[in-house]
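**Q** Below is the file protein-v5.cif, with mmCIF, C-alpha atoms.
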```cif
data_work
#
loop_
_atom_site.label_atom_id
_atom_site.label_comp_id
_atom_site.auth_asym_id
_atom_site.auth_seq_id
_atom_site.Cartn_x
_atom_site.Cartn_y
_atom_site.Cartn_z
CA MET A 1 23.44 212.08 -135.14
CA SER A 2 26.06 209.59 -136.37
CA PHE A 3 28.32 208.29 -133.59
CA GLU A 4 31.09 206.80 -135.73
CA ARG A 5 33.40 209.78 -135.15
CA PHE A 6 33.07 209.56 -131.34
CA VAL A 7 34.08 207.09 -128.62
CA CYS A 8 33.10 206.47 -125.01
CA PRO A 9 34.85 209.03 -122.76
CA ARG A 10 35.29 206.40 -120.04
CA CYS A 11 36.82 203.47 -121.94
CA ARG A 12 37.09 204.74 -125.55
CA GLY A 13 34.78 201.97 -126.68
CA GLU A 14 32.52 202.09 -129.74
CA LEU A 15 29.26 203.99 -129.40
CA LEU A 16 25.94 202.54 -130.54
CA ALA A 17 22.67 204.39 -131.14
CA ARG A 18 19.74 203.59 -128.85
CA GLU A 19 16.65 205.80 -129.00
CA GLN A 20 17.70 209.24 -127.63
CA GLU A 21 21.15 208.24 -126.38
CA ALA A 22 24.49 206.74 -127.33
CA VAL A 23 25.53 203.56 -125.53
CA CYS A 24 29.07 202.23 -125.21
CA ALA A 25 29.38 198.74 -126.69
CA SER A 26 32.20 197.92 -124.24
CA CYS A 27 31.23 199.28 -120.80
CA GLY A 28 27.49 199.81 -121.37
CA THR A 29 27.45 203.46 -120.24
CA GLY A 30 24.68 205.53 -121.79
CA TYR A 31 25.09 209.13 -122.93
CA PRO A 32 21.92 211.18 -123.51
CA GLN A 33 21.07 213.60 -126.30
CA GLN A 34 19.28 216.70 -125.05
CA ASP A 35 18.08 219.51 -127.31
CA GLY A 36 20.32 218.29 -130.11
CA ILE A 37 23.44 218.08 -127.93
CA LEU A 38 25.11 214.73 -127.18
CA HIS A 39 26.48 214.62 -123.61
CA LEU A 40 29.73 212.63 -123.81
CA THR A 41 30.97 213.40 -120.29
CA ALA A 42 32.60 211.33 -117.58
CA GLY A 43 33.62 214.08 -115.12
CA LYS A 44 35.67 217.26 -115.38
CA THR A 45 39.28 217.34 -114.21
CA GLY A 46 41.81 220.10 -113.71
CA ALA A 47 41.53 223.87 -113.55
CA PRO A 48 38.83 225.72 -115.55
CA GLY A 49 39.64 226.84 -119.07
CA PHE A 50 37.06 229.60 -119.51
CA ASP A 51 34.47 231.73 -117.74
CA PRO A 52 31.12 230.62 -119.22
CA HIS A 53 29.37 233.91 -118.41
CA TYR A 54 31.33 235.52 -121.28
CA PHE A 55 29.62 233.40 -123.96
CA ASP A 56 26.59 235.68 -124.23
CA THR A 57 28.89 238.70 -124.63
CA LEU A 58 30.90 236.95 -127.33
CA ALA A 59 27.74 236.04 -129.22
CA GLU A 60 26.70 239.70 -129.23
CA ILE A 61 29.97 241.24 -130.42
CA GLU A 62 31.83 238.72 -132.59
CA GLY A 63 29.88 239.71 -135.68
CA SER A 64 31.22 243.29 -135.54
CA HIS A 65 34.24 243.48 -133.18
CA PHE A 66 37.38 244.02 -135.29
CA TRP A 67 39.36 241.21 -133.62
CA PHE A 68 36.78 238.52 -134.36
CA VAL A 69 35.99 239.82 -137.86
CA VAL A 70 39.65 239.89 -138.97
CA ARG A 71 40.55 236.63 -137.20
CA ARG A 72 37.86 234.66 -139.02
CA GLN A 73 39.02 236.04 -142.39
CA VAL A 74 42.65 235.14 -141.60
CA ILE A 75 41.57 231.60 -140.67
CA LEU A 76 39.55 231.23 -143.87
CA ASP A 77 42.51 232.45 -145.94
CA ALA A 78 44.82 229.98 -144.14
CA LEU A 79 42.41 227.12 -144.81
CA ARG A 80 42.12 227.96 -148.51
CA ARG A 81 45.89 228.31 -148.81
CA GLY A 82 46.91 225.28 -146.74
CA VAL A 83 44.13 222.84 -147.68
CA PRO A 84 43.82 222.67 -151.48
CA ASP A 85 41.08 220.01 -151.30
CA LEU A 86 39.11 221.87 -148.63
CA GLU A 87 35.76 221.15 -150.26
CA ARG A 88 36.36 217.39 -149.85
CA ARG A 89 37.02 217.57 -146.09
CA ARG A 90 34.71 218.15 -143.12
CA LEU A 91 35.76 220.40 -140.25
CA PHE A 92 35.27 219.31 -136.65
CA ASP A 93 35.75 222.29 -134.31
CA ILE A 94 37.21 221.42 -130.89
CA GLY A 95 36.30 224.08 -128.32
CA CYS A 96 33.84 225.95 -130.52
CA GLY A 97 32.92 228.64 -127.98
CA SER A 98 29.83 230.58 -128.97
CA GLY A 99 30.07 229.37 -132.56
CA GLY A 100 30.52 232.63 -134.44
CA LEU A 101 33.60 231.39 -136.30
CA LEU A 102 32.02 228.03 -137.07
CA ALA A 103 28.88 229.67 -138.45
CA PHE A 104 31.01 232.00 -140.59
CA LEU A 105 33.05 229.13 -142.06
CA ASP A 106 29.82 227.23 -142.73
CA ARG A 107 28.43 230.23 -144.64
CA GLN A 108 31.66 230.46 -146.65
CA GLY A 109 31.25 226.91 -147.91
CA VAL A 110 33.62 225.07 -145.56
CA PRO A 111 32.02 221.65 -144.96
CA VAL A 112 31.27 221.26 -141.23
CA GLU A 113 31.20 217.86 -139.54
CA GLY A 114 30.44 219.02 -136.00
CA ALA A 115 31.80 220.70 -132.90
CA CYS A 116 32.37 220.12 -129.20
CA ASP A 117 32.85 222.26 -126.12
CA ALA A 118 33.10 221.74 -122.38
CA TYR A 119 30.32 224.25 -121.59
CA ARG A 120 26.64 223.68 -122.20
CA GLU A 121 26.14 227.47 -122.19
CA SER A 122 28.25 227.74 -125.34
CA LEU A 123 26.64 224.81 -127.15
CA GLU A 124 23.14 226.18 -126.54
CA ILE A 125 24.20 229.31 -128.44
CA VAL A 126 25.92 227.30 -131.19
CA ARG A 127 22.80 225.16 -131.63
CA ARG A 128 20.96 228.29 -132.81
CA ARG A 129 23.69 229.07 -135.33
CA VAL A 130 24.63 225.83 -137.06
CA ALA A 131 22.85 222.57 -137.83
CA ALA A 132 25.93 220.35 -137.35
CA PRO A 133 26.17 217.71 -134.58
CA LEU A 134 27.23 219.19 -131.21
CA VAL A 135 28.87 217.33 -128.32
CA LEU A 136 29.32 218.33 -124.69
CA VAL A 137 32.70 217.04 -123.47
CA ASP A 138 34.67 217.11 -120.24
CA GLU A 139 36.98 219.94 -119.33
CA GLY A 140 40.48 218.71 -118.60
CA ARG A 141 40.15 215.52 -120.66
CA LEU A 142 41.05 214.72 -124.23
CA PRO A 143 37.89 214.94 -126.39
CA PRO A 144 36.26 211.55 -127.05
CA LEU A 145 36.90 211.58 -130.78
CA ALA A 146 37.48 208.43 -132.84
CA PRO A 147 40.23 208.15 -135.47
CA GLY A 148 39.52 209.09 -139.06
CA HIS A 149 38.90 212.85 -139.04
CA THR A 150 40.11 214.77 -142.09
CA LEU A 151 40.07 218.34 -140.74
CA LEU A 152 40.22 219.52 -137.12
CA GLY A 153 39.96 223.10 -135.83
CA LEU A 154 41.49 224.29 -132.56
CA PHE A 155 40.90 228.03 -132.46
CA ASP A 156 42.38 229.81 -129.42
CA VAL A 157 42.02 226.65 -127.34
CA LEU A 158 45.53 225.18 -127.01
CA GLU A 159 46.65 227.97 -124.66
CA HIS A 160 43.90 226.95 -122.22
CA ILE A 161 45.15 223.34 -121.98
CA ASP A 162 47.70 222.20 -119.41
CA ASP A 163 49.28 219.51 -121.60
CA ASP A 164 49.57 221.14 -124.99
CA GLU A 165 52.19 218.67 -126.24
CA GLY A 166 50.08 215.64 -125.35
CA THR A 167 47.01 217.24 -126.89
CA LEU A 168 48.75 217.80 -130.23
CA ARG A 169 50.02 214.20 -130.26
CA PHE A 170 46.47 212.99 -129.58
CA LEU A 171 45.00 215.13 -132.37
CA ASN A 172 47.60 213.78 -134.77
CA SER A 173 46.59 210.24 -133.79
CA ILE A 174 42.88 210.76 -134.56
CA LEU A 175 43.47 212.40 -137.92
CA ALA A 176 43.36 210.18 -140.98
CA PRO A 177 46.63 210.01 -142.95
CA GLY A 178 46.93 213.35 -144.70
CA GLY A 179 44.43 214.88 -142.25
CA VAL A 180 44.85 218.55 -141.36
CA LEU A 181 44.81 220.56 -138.15
CA VAL A 182 44.20 224.32 -138.29
CA LEU A 183 44.71 226.34 -135.12
CA THR A 184 45.24 229.79 -133.68
CA VAL A 185 46.99 230.76 -130.44
CA PRO A 186 48.06 234.00 -128.73
CA ALA A 187 51.66 234.98 -129.48
CA HIS A 188 54.67 236.40 -127.61
CA PRO A 189 55.24 235.19 -124.03
CA PHE A 190 56.44 238.68 -123.06
CA LEU A 191 52.85 239.89 -123.44
CA PHE A 192 51.58 237.41 -120.84
CA ASP A 193 50.09 239.18 -117.82
CA GLU A 194 47.02 239.21 -115.62
CA MET A 195 44.77 239.61 -118.68
CA ASP A 196 45.89 236.16 -119.81
CA GLU A 197 45.33 234.85 -116.31
CA LEU A 198 41.79 236.21 -116.29
CA ALA A 199 41.21 234.47 -119.62
CA HIS A 200 42.58 231.21 -118.11
CA HIS A 201 45.52 231.10 -120.50
CA ARG A 202 48.35 228.81 -119.47
CA ARG A 203 50.82 230.38 -121.88
CA ARG A 204 51.45 232.40 -125.04
CA TYR A 205 53.56 231.03 -127.90
CA ARG A 206 56.66 231.91 -129.85
CA LYS A 207 56.40 231.10 -133.54
CA ARG A 208 59.42 228.79 -133.47
CA ASP A 209 58.12 226.99 -130.38
CA LEU A 210 54.73 226.34 -131.97
CA ARG A 211 56.46 224.91 -135.04
CA ARG A 212 58.59 222.67 -132.83
CA LEU A 213 55.53 221.41 -130.92
CA LEU A 214 53.65 220.61 -134.12
CA GLU A 215 56.58 218.81 -135.70
CA ALA A 216 57.31 216.86 -132.51
CA ALA A 217 53.66 215.71 -132.54
CA GLY A 218 54.09 214.32 -136.06
CA PHE A 219 52.73 217.21 -138.13
CA ARG A 220 54.17 218.78 -141.24
CA VAL A 221 53.61 222.53 -141.08
CA ARG A 222 52.06 224.02 -144.21
CA VAL A 223 51.15 227.51 -142.97
CA LEU A 224 52.50 229.36 -139.93
CA SER A 225 52.16 233.11 -139.59
CA HIS A 226 51.77 235.90 -137.10
CA PHE A 227 48.75 238.17 -137.46
CA MET A 228 47.27 241.13 -135.57
CA SER A 229 50.67 242.87 -135.76
CA PRO A 230 49.30 246.45 -135.32
CA LEU A 231 47.99 245.42 -131.88
CA VAL A 232 51.39 244.55 -130.41
CA PRO A 233 52.72 248.10 -129.73
CA PRO A 234 49.54 249.30 -127.96
CA LEU A 235 49.34 245.99 -126.06
CA VAL A 236 52.88 246.50 -124.80
CA VAL A 237 52.00 250.00 -123.58
CA VAL A 238 48.62 249.09 -122.08
CA ARG A 239 49.92 246.03 -120.30
CA TRP A 240 52.94 247.92 -118.97
CA LEU A 241 50.59 250.57 -117.59
CA GLY A 242 48.42 247.85 -116.12
CA ARG A 243 51.39 246.37 -114.30
CA THR A 244 52.92 249.60 -113.08
CA LEU A 245 50.42 252.43 -112.69
CA PHE A 246 47.05 250.78 -112.22
CA GLY A 247 47.97 247.51 -110.57
CA ARG A 248 46.21 244.19 -110.93
CA THR A 249 42.95 245.30 -109.33
CA CYS A 250 41.64 246.80 -112.60
CA GLY A 251 42.09 243.62 -114.61
CA GLN A 252 38.37 242.82 -114.84
CA GLU A 253 37.60 246.32 -116.11
CA ARG A 254 40.36 246.05 -118.70
CA ARG A 255 38.94 242.71 -119.83
CA ARG A 256 35.47 244.22 -120.22
CA ALA A 257 37.04 247.04 -122.22
CA GLU A 258 38.53 244.52 -124.66
CA PHE A 259 35.01 243.35 -125.50
CA ARG A 260 33.62 246.82 -126.18
CA VAL A 261 32.93 247.84 -129.77
CA VAL A 262 34.06 251.47 -130.10
CA PRO A 263 32.59 252.57 -133.47
CA GLY A 264 35.33 254.83 -134.86
CA LEU A 265 38.29 252.89 -133.46
CA ASN A 266 36.71 249.55 -134.35
CA GLY A 267 36.34 250.55 -138.01
CA LEU A 268 39.87 251.96 -138.18
CA LEU A 269 41.43 248.79 -136.79
CA ARG A 270 39.41 246.63 -139.16
CA HIS A 271 40.78 248.59 -142.13
CA VAL A 272 44.38 248.49 -140.87
CA LEU A 273 44.22 244.77 -140.12
CA THR A 274 42.66 244.11 -143.54
CA LEU A 275 45.88 245.45 -145.08
CA GLU A 276 47.86 243.01 -142.95
CA ARG A 277 45.57 240.20 -144.09
CA LEU A 278 46.25 241.10 -147.72
CA TRP A 279 49.99 240.97 -146.97
CA ILE A 280 49.66 237.46 -145.50
CA ARG A 281 47.53 236.27 -148.42
CA LEU A 282 49.37 237.89 -151.34
CA ALA A 283 52.98 237.70 -150.10
CA PRO A 284 53.22 234.45 -148.11
CA SER A 285 56.98 234.20 -148.72
CA ILE A 286 57.50 237.46 -146.76
CA PRO A 287 56.50 236.60 -143.18
CA VAL A 288 54.77 239.06 -140.88
CA PRO A 289 57.55 239.68 -138.32
CA PHE A 290 55.31 239.82 -135.25
CA GLY A 291 51.68 239.83 -134.18
CA SER A 292 49.56 239.22 -131.12
CA SER A 293 48.31 235.90 -132.58
CA LEU A 294 49.57 232.96 -134.63
CA VAL A 295 47.70 230.88 -137.21
CA ALA A 296 48.93 227.46 -138.32
CA VAL A 297 47.86 224.77 -140.76
CA ALA A 298 49.61 221.43 -140.24
CA ALA A 299 49.07 217.99 -141.77
CA ARG A 300 49.55 214.46 -140.55
CA GLU A 301 52.04 212.57 -142.72
CA GLY A 302 50.61 210.16 -145.25
CA ARG A 303 48.29 210.17 -148.24
CA PRO A 304 44.54 210.73 -147.75
#
```
Can you give me the file's structure in the form of structure tokens?
**A**
Amino acid sequence: MSFERFVCPRCRGELLAREQEAVCASCGTGYPQQDGILHLTAGKTGAPGFDPHYFDTLAEIEGSHFWFVVRRQVILDALRRGVPDLERRRLFDIGCGSGGLLAFLDRQGVPVEGACDAYRESLEIVRRRVAAPLVLVDEGRLPPLAPGHTLLGLFDVLEHIDDDEGTLRFLNSILAPGGVLVLTVPAHPFLFDEMDELAHHRRRYRKRDLRRLLEAAGFRVRVLSHFMSPLVPPLVVVRWLGRTLFGRTCGQERRRAEFRVVPGLNGLLRHVLTLERLWIRLAPSIPVPFGSSLVAVAAREGRP
């Protein structure tokens, strides 16, 4: 594994290779590689961002569940639309989860540089899916990435982070001039309820607020669109019922229900959302007015 794209998580010093570990040239701290995973950790801080016991469930369903299937196609379309020289860049996925999206993009010809996550449980699954370098990082800290990246992915991660503004400024700083960030987040703050709390979301986003955050961090927005619009009306109803009739005690059951693949309904929603995807791809000048998620492609100013 090449260490030139990473820094020491303690002092941000340069990393040097030594047998089966990386060693900081400044502070001398060693970081081991175990089973193909580099452990660049200095100690977790802050509240948890995810429940690691869900990773096995995600790995089982994300190949067929309508939400994951459509989301990955929307992201691929956004990359192809917003990054004309995509084949000359290498994607580093921050917060890769169980790796289903990363493996899909790899199969579709998107060059992959590597990925990181704060949970070893997730990286052990990803290791079976992709051959790219994997890094275990600290939860609650900025990832120990060195400047010079050309393409960063942040897929449904920003909403789990306390300081989203600072994180976007940091990501802008480690991108090379002309480097690109592609991200997805949940949309519409009015949908926020105990389901978001169970998922360890800090917030949901308005489209205009996400644009403002990206621009304030130094990005120029190339693509910004809602998606998953057919899900908003049923989400409003279901979450209203959850607040009023059923109470908060059934939240865990509702979360498990979100991960179930119901054959007939799953196929129907995939077809309906495919039509929305065609709208986004073929008529980009006519924005989707709402949706339960947002996708954005934004570039750091400057020439590559």
**Q** Please, which residues are within 8 Å of (42.0, 226.7, -134.0) by the file's coordinates, counting all atoms listed in the file, and could they come as number ranges by chain?
**A** A: 93-94, 153-158, 181-185, 295
**Q** So what does the PyMOL selection byres ((chain A and resi 27) around 9) actually pick up in this one, as a PyMOL selection string?
**A** chain A and resi 8+10-11+13+23-26+28-29
**Q** Go ahead and dump the residues you just picked, C-alpha atoms, as a short mmCIF file (atom, residue, chain, number, x, y, z; two decimals), in the coordinates of the input.
**A**
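This went into result.cif:
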```cif
data_model
loop_
_atom_site.label_atom_id
_atom_site.label_comp_id
_atom_site.auth_asym_id
_atom_site.auth_seq_id
_atom_site.Cartn_x
_atom_site.Cartn_y
_atom_site.Cartn_z
CA CYS A 8 33.10 206.47 -125.01
CA ARG A 10 35.29 206.40 -120.04
CA CYS A 11 36.82 203.47 -121.94
CA GLY A 13 34.78 201.97 -126.68
CA VAL A 23 25.53 203.56 -125.53
CA CYS A 24 29.07 202.23 -125.21
CA ALA A 25 29.38 198.74 -126.69
CA SER A 26 32.20 197.92 -124.24
CA GLY A 28 27.49 199.81 -121.37
CA THR A 29 27.45 203.46 -120.24
#
```
**Q** Could you tell me which residues the PyMOL selection byres ((chain A and resi 167) around 12) returns for this structure, as a VMD selection string?
**A** chain A and resid 94 140 to 143 154 157 to 166 168 to 174 181 213 to 214 216 to 218
**Q** Which residues are near Leu102 (chain A)? Cut-off 9 Å, only C-alpha atoms, ignore same chain within fewer than 3 positions. Put them as a ChimeraX atom specification.
**A** /A:93,96,98-99,105-107,112,115,126,129-130
**Q** Find the distance between CA of Arg12 (chain A) and CA of Ala146 (chain A) and write it in Å to one decimal.
**A** 8.2 Å
**Q** Applied to the shown file, which residues does the PyMOL selection byres ((chain A and resi 136) around 8) return, written as a PyMOL selection string?
**A** chain A and resi 37-41+116-120+123+134-135+137-138
